[in-house]
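Asker: Have a peek at coords-v2.txt (compact mmCIF, C-alpha atoms and all ligand atoms).
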# COMPACT_ATOMS: atom_id res chain seq x y z
CA MET Q 20 -6.46 4.15 2.71
CA SER Q 21 -4.39 7.29 2.12
CA GLU Q 22 -4.28 9.07 -1.25
CA GLU Q 23 -0.65 7.92 -1.61
CA ASP Q 24 -1.58 4.25 -1.05
CA SER Q 25 -4.41 4.54 -3.54
CA ASP Q 26 -2.00 5.90 -6.14
CA THR Q 27 0.07 2.71 -6.03
CA PHE Q 28 -2.17 -0.12 -4.75
CA ARG Q 29 -3.22 -2.42 -7.59
CA SER Q 30 -5.77 -5.20 -7.19
CA PRO Q 31 -7.72 -7.44 -9.57
CA LEU Q 32 -10.84 -5.89 -8.06
CA GLY Q 33 -9.89 -2.71 -9.91
CA THR Q 34 -10.28 -4.37 -13.31
CA LYS Q 35 -13.36 -4.74 -15.50
CA GLN Q 36 -12.27 -8.26 -16.40
CA HIS Q 37 -12.59 -9.28 -12.74
CA TRP Q 38 -16.15 -7.94 -12.46
CA ASP Q 39 -17.16 -9.47 -15.80
CA GLU Q 40 -16.06 -12.87 -14.48
CA VAL Q 41 -17.78 -12.33 -11.13
CA TYR Q 42 -21.15 -11.44 -12.65
CA GLN Q 43 -21.00 -14.11 -15.34
CA LEU Q 44 -20.52 -16.62 -12.52
CA GLU Q 45 -23.38 -15.00 -10.58
CA ILE Q 46 -25.66 -15.36 -13.62
CA ASN Q 47 -24.77 -19.05 -13.83
CA ASN Q 48 -25.42 -19.54 -10.10
CA PHE Q 49 -28.73 -17.67 -10.26
CA GLU Q 50 -29.93 -19.71 -13.22
CA ASP Q 51 -28.73 -22.91 -11.58
CA HIS Q 52 -30.06 -22.46 -8.03
CA GLY Q 53 -31.51 -18.95 -7.64
CA ASP Q 54 -28.58 -17.48 -5.69
CA ILE Q 55 -28.50 -13.65 -6.04
CA GLY Q 56 -24.79 -13.52 -5.23
CA GLU Q 57 -22.86 -11.30 -2.88
CA VAL Q 58 -24.47 -8.34 -1.14
CA TRP Q 59 -21.37 -6.27 -0.52
CA PHE Q 60 -20.72 -5.43 3.14
CA GLY Q 61 -23.85 -7.39 4.13
CA GLU Q 62 -27.59 -6.83 4.07
CA GLN Q 63 -27.58 -4.90 7.33
CA VAL Q 64 -25.44 -2.10 5.91
CA GLN Q 65 -27.74 -1.88 2.90
CA ARG Q 66 -30.85 -1.90 5.11
CA LYS Q 67 -29.56 0.96 7.24
CA VAL Q 68 -29.10 3.21 4.22
CA ILE Q 69 -32.55 2.29 2.88
CA ARG Q 70 -34.11 2.95 6.27
CA TYR Q 71 -32.43 6.35 6.44
CA ILE Q 72 -33.69 7.22 2.94
CA SER Q 73 -37.24 6.04 3.55
CA GLU Q 74 -37.86 6.74 7.24
CA THR Q 75 -35.53 9.58 8.27
CA LEU Q 76 -35.50 11.57 5.03
CA ASN Q 77 -38.99 10.45 3.95
CA VAL Q 78 -37.86 10.39 0.33
CA PRO Q 79 -41.05 10.04 -1.80
CA LEU Q 80 -41.55 6.70 -3.54
CA ASN Q 81 -41.50 8.24 -7.05
CA THR Q 82 -38.05 9.80 -6.57
CA PRO Q 83 -35.48 8.81 -9.23
CA ILE Q 84 -32.77 6.82 -7.45
CA PHE Q 85 -29.49 5.93 -9.16
CA ASP Q 86 -27.10 3.20 -8.02
CA ILE Q 87 -23.53 3.66 -9.37
CA GLY Q 88 -21.83 0.33 -10.12
CA THR Q 89 -24.96 -1.58 -9.22
CA GLY Q 90 -23.36 -5.07 -9.43
CA ASN Q 91 -26.13 -7.59 -8.83
CA GLY Q 92 -28.67 -4.77 -8.30
CA ALA Q 93 -29.49 -5.97 -4.78
CA PHE Q 94 -29.76 -2.40 -3.44
CA LEU Q 95 -32.32 -1.45 -6.11
CA PHE Q 96 -34.34 -4.64 -5.68
CA ALA Q 97 -34.46 -3.98 -1.92
CA LEU Q 98 -35.68 -0.42 -2.63
CA ALA Q 99 -38.36 -1.82 -4.94
CA GLU Q 100 -39.60 -4.03 -2.11
CA GLU Q 101 -40.02 -0.80 -0.08
CA GLY Q 102 -42.20 0.64 -2.86
CA TYR Q 103 -39.65 2.82 -4.67
CA HIS Q 104 -40.32 2.60 -8.38
CA GLU Q 105 -38.06 4.93 -10.36
CA LEU Q 106 -34.89 2.90 -10.11
CA PHE Q 107 -31.73 3.28 -12.19
CA GLY Q 108 -28.58 1.18 -12.02
CA SER Q 109 -25.44 1.40 -14.11
CA ASP Q 110 -22.33 -0.71 -14.25
CA TYR Q 111 -19.38 -0.87 -16.61
CA SER Q 112 -19.61 -4.66 -16.60
CA GLU Q 113 -22.06 -5.99 -19.21
CA PRO Q 114 -22.61 -9.27 -17.27
CA SER Q 115 -23.63 -7.18 -14.23
CA VAL Q 116 -26.31 -5.39 -16.24
CA ASN Q 117 -27.44 -8.66 -17.85
CA PHE Q 118 -27.65 -10.23 -14.40
CA CYS Q 119 -29.81 -7.36 -13.12
CA ARG Q 120 -32.16 -7.71 -16.10
CA ILE Q 121 -32.45 -11.47 -15.63
CA GLN Q 122 -33.31 -11.03 -11.94
CA GLN Q 123 -35.79 -8.24 -12.73
CA ALA Q 124 -37.65 -10.57 -15.11
CA THR Q 125 -37.68 -13.39 -12.55
CA PHE Q 126 -38.71 -11.20 -9.59
CA THR Q 127 -41.45 -9.54 -11.62
CA GLU Q 128 -42.80 -12.90 -12.74
CA ASP Q 129 -42.79 -14.42 -9.26
CA LYS Q 130 -44.10 -11.12 -7.77
CA THR Q 131 -41.19 -10.69 -5.33
CA ILE Q 132 -41.17 -7.04 -6.39
CA PRO Q 133 -44.24 -4.88 -7.01
CA GLU Q 134 -45.52 -4.59 -10.60
CA THR Q 135 -45.18 -0.81 -10.34
CA ALA Q 136 -41.39 -0.99 -9.95
CA HIS Q 137 -39.69 0.48 -13.01
CA PHE Q 138 -36.02 -0.33 -13.52
CA THR Q 139 -33.51 1.08 -15.97
CA PHE Q 140 -30.30 -0.90 -15.97
CA PHE Q 141 -27.61 0.35 -18.34
CA VAL Q 142 -23.96 -0.29 -19.15
CA SER Q 143 -21.84 2.74 -18.40
CA ASN Q 144 -18.42 3.61 -17.11
CA PHE Q 145 -19.34 6.17 -14.47
CA LEU Q 146 -16.05 8.01 -14.90
CA GLU Q 147 -16.47 8.47 -18.64
CA ASP Q 148 -20.19 8.33 -19.50
CA ASP Q 149 -21.87 10.06 -16.57
CA ALA Q 150 -23.70 12.55 -18.80
CA LYS Q 151 -25.06 9.69 -20.91
CA THR Q 152 -27.52 8.61 -18.25
CA PRO Q 153 -30.94 7.93 -19.81
CA ASN Q 154 -32.38 11.23 -18.61
CA GLY Q 155 -29.46 13.61 -19.13
CA GLY Q 156 -27.62 15.53 -16.47
CA ASN Q 157 -28.55 16.31 -12.86
CA PHE Q 158 -31.61 14.08 -12.92
CA TYR Q 159 -31.24 11.85 -9.86
CA SER Q 160 -32.44 13.06 -6.47
CA VAL Q 161 -30.80 10.15 -4.67
CA ILE Q 162 -27.49 8.65 -5.77
CA HIS Q 163 -26.00 5.63 -4.06
CA ASP Q 164 -22.58 3.99 -4.17
CA LYS Q 165 -21.62 0.87 -2.26
CA GLY Q 166 -18.17 -0.47 -3.07
CA THR Q 167 -17.84 1.18 -6.48
CA TYR Q 168 -15.77 4.17 -5.34
CA ASP Q 169 -13.59 1.57 -3.58
CA ALA Q 170 -13.25 -0.59 -6.69
CA ILE Q 171 -12.40 2.45 -8.81
CA HIS Q 172 -9.57 3.34 -6.43
CA LEU Q 173 -8.07 -0.14 -6.83
CA ASP Q 174 -6.95 0.89 -10.31
CA PRO Q 175 -4.09 3.34 -9.66
CA ASP Q 176 -4.08 4.51 -13.30
CA ILE Q 177 -7.49 6.16 -13.08
CA ASP Q 178 -7.85 9.92 -12.59
CA LYS Q 179 -9.82 9.97 -9.31
CA GLU Q 180 -11.08 13.51 -9.87
CA LYS Q 181 -13.33 12.15 -12.58
CA TYR Q 182 -15.57 10.60 -9.93
CA TYR Q 183 -16.34 13.98 -8.37
CA THR Q 184 -16.99 15.58 -11.77
CA ALA Q 185 -19.30 12.72 -12.78
CA LEU Q 186 -21.23 12.95 -9.53
CA LYS Q 187 -21.72 16.69 -9.99
CA ASN Q 188 -23.15 16.00 -13.45
CA CYS Q 189 -25.72 13.52 -12.15
CA LEU Q 190 -27.08 14.74 -8.81
CA ALA Q 191 -30.20 16.92 -8.86
CA PRO Q 192 -30.36 20.17 -6.86
CA GLY Q 193 -31.36 19.32 -3.28
CA GLY Q 194 -30.38 15.71 -3.91
CA VAL Q 195 -28.73 13.25 -1.56
CA PHE Q 196 -25.62 11.18 -2.19
CA ALA Q 197 -25.06 8.08 -0.01
CA ILE Q 198 -21.75 6.25 -0.11
CA THR Q 199 -20.56 3.12 1.68
CA SER Q 200 -16.86 2.32 1.56
CA CYS Q 201 -14.52 -0.11 3.23
CA ASN Q 202 -11.28 1.50 2.05
CA TRP Q 203 -11.90 5.01 3.25
CA THR Q 204 -12.77 6.35 6.68
CA GLU Q 205 -15.71 8.68 7.14
CA ASP Q 206 -13.28 11.59 7.49
CA GLU Q 207 -11.47 10.65 4.28
CA LEU Q 208 -14.77 10.47 2.39
CA ILE Q 209 -15.80 13.85 3.75
CA ALA Q 210 -12.41 15.33 2.80
CA TYR Q 211 -12.94 14.16 -0.79
CA PHE Q 212 -16.60 15.08 -1.21
CA VAL Q 213 -16.98 18.27 0.83
CA ARG Q 214 -15.08 20.99 -1.02
CA GLN Q 215 -14.57 24.70 -1.22
CA ASP Q 216 -17.08 24.83 -4.08
CA GLY Q 217 -19.80 24.17 -1.48
CA TYR Q 218 -21.50 21.62 -3.75
CA LEU Q 219 -22.00 18.92 -1.12
CA LYS Q 220 -22.52 19.21 2.61
CA GLU Q 221 -22.25 16.38 5.10
CA LEU Q 222 -25.72 15.15 6.06
CA THR Q 223 -25.04 12.22 8.38
CA ARG Q 224 -22.75 9.28 9.13
CA ILE Q 225 -24.09 5.77 9.71
CA SER Q 226 -22.00 3.43 11.85
CA ASN Q 227 -21.16 -0.10 10.69
CA LYS Q 228 -18.95 -3.07 11.57
CA THR Q 229 -15.67 -4.16 9.95
CA PHE Q 230 -15.10 -6.01 6.67
CA SER Q 231 -12.33 -7.23 4.35
CA PHE Q 232 -11.93 -5.96 0.79
CA GLY Q 233 -9.23 -6.00 -1.88
CA GLY Q 234 -6.93 -8.21 0.21
CA LYS Q 235 -7.10 -6.01 3.32
CA GLU Q 236 -8.59 -7.39 6.53
CA GLY Q 237 -10.47 -5.59 9.26
CA ASN Q 238 -11.43 -2.45 7.39
CA THR Q 239 -14.19 -0.35 8.85
CA VAL Q 240 -17.21 0.03 6.65
CA SER Q 241 -18.00 3.73 6.47
CA THR Q 242 -21.33 5.11 5.35
CA VAL Q 243 -21.70 8.84 4.85
CA LEU Q 244 -24.59 10.76 3.32
CA PHE Q 245 -24.17 14.15 1.69
CA LYS Q 246 -26.68 16.73 0.52
CA ARG Q 247 -26.51 19.05 -2.44
CA GLU Q 248 -27.92 22.47 -1.55
C1 LIG C 301 -17.60 -4.08 -4.90
S1 LIG C 301 -18.67 -4.18 -6.29
C2 LIG C 301 -20.13 -3.46 -5.60
C3 LIG C 301 -21.37 -3.80 -6.39
C4 LIG C 301 -22.66 -3.22 -5.80
N1 LIG C 301 -22.61 -1.78 -5.66
C5 LIG C 301 -22.98 -3.85 -4.45
O1 LIG C 301 -23.03 -3.14 -3.45
O2 LIG C 301 -23.18 -5.07 -4.41
C6 LIG C 301 -18.04 -2.85 -7.33
C7 LIG C 301 -18.86 -2.60 -8.57
O3 LIG C 301 -18.38 -1.44 -9.24
C8 LIG C 301 -18.42 -1.67 -10.63
N2 LIG C 301 -17.49 -0.68 -11.23
C9 LIG C 301 -16.17 -0.55 -11.01
N3 LIG C 301 -15.67 0.50 -11.70
C10 LIG C 301 -16.71 1.05 -12.36
C11 LIG C 301 -16.84 2.17 -13.23
N4 LIG C 301 -15.80 2.92 -13.58
N5 LIG C 301 -18.07 2.48 -13.72
C12 LIG C 301 -19.15 1.70 -13.39
N6 LIG C 301 -19.09 0.63 -12.58
C13 LIG C 301 -17.88 0.31 -12.06
C14 LIG C 301 -18.01 -3.13 -10.76
O4 LIG C 301 -18.36 -3.70 -12.00
C15 LIG C 301 -18.80 -3.73 -9.59
O5 LIG C 301 -20.11 -4.07 -9.96
Let me see the file written as structure tokens.
Ligand SMILES: C[S@@+](CC[C@H](N)C(=O)[O-])C[C@H]1O[C@@H](n2cnc3c(N)ncnc32)[C@H](O)[C@@H]1O
Answerer:
Amino acid sequence: MSEEDSDTFRSPLGTKQHWDEVYQLEINNFEDHGDIGEVWFGEQVQRKVIRYISETLNVPLNTPIFDIGTGNGAFLFALAEEGYHELFGSDYSEPSVNFCRIQQATFTEDKTIPETAHFTFFVSNFLEDDAKTPNGGNFYSVIHDKGTYDAIHLDPDIDKEKYYTALKNCLAPGGVFAITSCNWTEDELIAYFVRQDGYLKELTRISNKTFSFGGKEGNTVSTVLFKRE
């Protein structure tokens, strides 16, 4: 998607009301038959990022990891299964955060996730409340986004620069930012996140298949990791 398209393209997926309805439905489904809902862009994409974090970067298990727009929290629950235990997820949709807390209680009780896993799920609009994370600014050594940057861009009225500012307020020195998008190519992501200020450098790109999102078919799913010096 070009910057011009993103300035005009409007989709229900860019509204909080849409996500509230999605996660309320996912709560109902989970309580009815244990379905965890949609893992955006598929489990394989998620697994590749987790493998890169755990095996290639050897990120220690006690590292604070923050998932922006965590949705059903599937990324954080998968990290917990790997032994990561300082896990933070925010979303501007209250039903999303409720859903994560409900799953956490269930998974802890049935021992799907280790007892040591510590989750902090909180309601927050990333573009407005970034500094209000539970531990103050620049705390997270790994920050992850899958589909949230995309969803944010489906509201043409939002000031897109706020995302970059919020990210800068959250990422710890030496930290890693991993983003998966289906609306932006790897080059477009790099053009947005790697700037003259030298804050982020490209670390690696992870290749994926194609996907449909926001009414557009056949988009490539791009995953890029960046490092803060
Ligand atoms: C495509 S879903 C992806 C959910 C999750 N990251 C995943 O991979 O399953 C987009 C998510 O971004 C959240 N979101 C959109 N705009 C947001 C904002 N400004 N602040 C926080 N969360 C936001 C939505 O509520 C939704 O959970």
Asker: Pull the closest atom pair for each residue of chain Q that gets at most 9 Å from ligand LIG 301 (chain C), along with the distance in Å to one decimal, counting all atoms listed in the file, ordering rows by chain and then ascending residue number, as a Markdown table.
Answerer:
| residue | atom | partner | partner_atom | distance |
| --- | --- | --- | --- | --- |
| Q:Leu32 | CA | C:LIG301 | C1 | 7.7 |
| Q:Gly33 | CA | C:LIG301 | C9 | 6.7 |
| Q:Thr34 | CA | C:LIG301 | C9 | 7.4 |
| Q:Lys35 | CA | C:LIG301 | O4 | 6.2 |
| Q:Gln36 | CA | C:LIG301 | O4 | 8.8 |
| Q:His37 | CA | C:LIG301 | O4 | 8.1 |
| Q:Trp38 | CA | C:LIG301 | O4 | 4.8 |
| Q:Asp39 | CA | C:LIG301 | O4 | 7.0 |
| Q:Val41 | CA | C:LIG301 | O5 | 8.7 |
| Q:Tyr42 | CA | C:LIG301 | O5 | 7.9 |
| Q:Gly56 | CA | C:LIG301 | O2 | 8.6 |
| Q:Glu57 | CA | C:LIG301 | O2 | 6.4 |
| Q:Val58 | CA | C:LIG301 | O2 | 4.8 |
| Q:Trp59 | CA | C:LIG301 | O2 | 4.5 |
| Q:Phe60 | CA | C:LIG301 | O1 | 7.3 |
| Q:Gly61 | CA | C:LIG301 | O1 | 8.7 |
| Q:Gln65 | CA | C:LIG301 | O1 | 8.0 |
| Q:Asp86 | CA | C:LIG301 | N1 | 7.1 |
| Q:Ile87 | CA | C:LIG301 | C12 | 6.3 |
| Q:Gly88 | CA | C:LIG301 | N6 | 3.7 |
| Q:Thr89 | CA | C:LIG301 | N1 | 4.3 |
| Q:Gly90 | CA | C:LIG301 | O5 | 3.4 |
| Q:Asn91 | CA | C:LIG301 | O2 | 5.9 |
| Q:Gly92 | CA | C:LIG301 | C4 | 6.7 |
| Q:Ala93 | CA | C:LIG301 | O2 | 6.4 |
| Q:Phe94 | CA | C:LIG301 | O1 | 6.8 |
| Q:Ser109 | CA | C:LIG301 | C12 | 6.3 |
| Q:Asp110 | CA | C:LIG301 | N6 | 3.9 |
| Q:Tyr111 | CA | C:LIG301 | C12 | 4.1 |
| Q:Ser112 | CA | C:LIG301 | O4 | 4.9 |
| Q:Glu113 | CA | C:LIG301 | O4 | 8.4 |
| Q:Pro114 | CA | C:LIG301 | O4 | 8.8 |
| Q:Ser115 | CA | C:LIG301 | O5 | 6.3 |
| Q:Val116 | CA | C:LIG301 | O5 | 8.9 |
| Q:Val142 | CA | C:LIG301 | C12 | 7.8 |
| Q:Ser143 | CA | C:LIG301 | C12 | 5.8 |
| Q:Asn144 | CA | C:LIG301 | N5 | 3.6 |
| Q:Phe145 | CA | C:LIG301 | N5 | 4.0 |
| Q:Leu146 | CA | C:LIG301 | N4 | 5.3 |
| Q:Glu147 | CA | C:LIG301 | N4 | 7.5 |
| Q:Asp148 | CA | C:LIG301 | N5 | 8.5 |
| Q:Asp149 | CA | C:LIG301 | N5 | 8.9 |
| Q:His163 | CA | C:LIG301 | N1 | 8.3 |
| Q:Asp164 | CA | C:LIG301 | N1 | 6.0 |
| Q:Lys165 | CA | C:LIG301 | O1 | 4.4 |
| Q:Gly166 | CA | C:LIG301 | C1 | 4.1 |
| Q:Thr167 | CA | C:LIG301 | O3 | 3.8 |
| Q:Tyr168 | CA | C:LIG301 | O3 | 7.3 |
| Q:Asp169 | CA | C:LIG301 | C1 | 7.1 |
| Q:Ala170 | CA | C:LIG301 | C9 | 5.2 |
| Q:Ile171 | CA | C:LIG301 | N3 | 4.8 |
| Q:His172 | CA | C:LIG301 | N3 | 8.5 |
| Q:Asp174 | CA | C:LIG301 | N3 | 8.8 |
| Q:Ile177 | CA | C:LIG301 | N4 | 8.9 |
| Q:Tyr182 | CA | C:LIG301 | N4 | 8.5 |
| Q:Thr199 | CA | C:LIG301 | O1 | 8.5 |
| Q:Phe232 | CA | C:LIG301 | C1 | 8.2 |
Asker: For the atom pair CA of Ala136 in chain Q and CA of Phe196 in chain Q, what is the interatomic distance in Å to one decimal place?
Answerer: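 Answer for the CA of Ala136 in chain Q to CA of Phe196 in chain Q separation: 21.4 Å.
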Asker: Go ahead and compute the interatomic distance for CA of Asn188 in chain Q and CA of Tyr159 in chain Q, in Å to one decimal.
Answerer: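 A separation of 9.8 Å between them.
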Asker: So which one's closest to Trp203 in chain Q, Q:Ile225, Q:Val240, Q:Ala97, Q:Leu186? Using all atoms listed in the file, please.
Answerer: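 Between Q:Ile225, Q:Val240, Q:Ala97, Q:Leu186, the residue approaching Trp203 in chain Q most closely is Q:Val240.
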Asker: Pick the closest to Glu50 in chain Q from Q:Thr125, Q:Ser226, Q:Thr82, Q:Ser200: which is it, counting all atoms listed in the file?
Answerer: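 So, comparing all the options, the nearest one is Q:Thr125.
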Asker: Enclose all atoms of range 111-114 of chain Q listed in the file in an axis-aligned box, grow every side by 5 Å, and hand back centre and edge lengths in Å to one decimal, as lines of an AutoDock Vina configuration file.
Answerer:
center_x = -21.0
center_y = -5.1
center_z = -17.9
size_x = 13.2
size_y = 18.4
size_z = 12.6
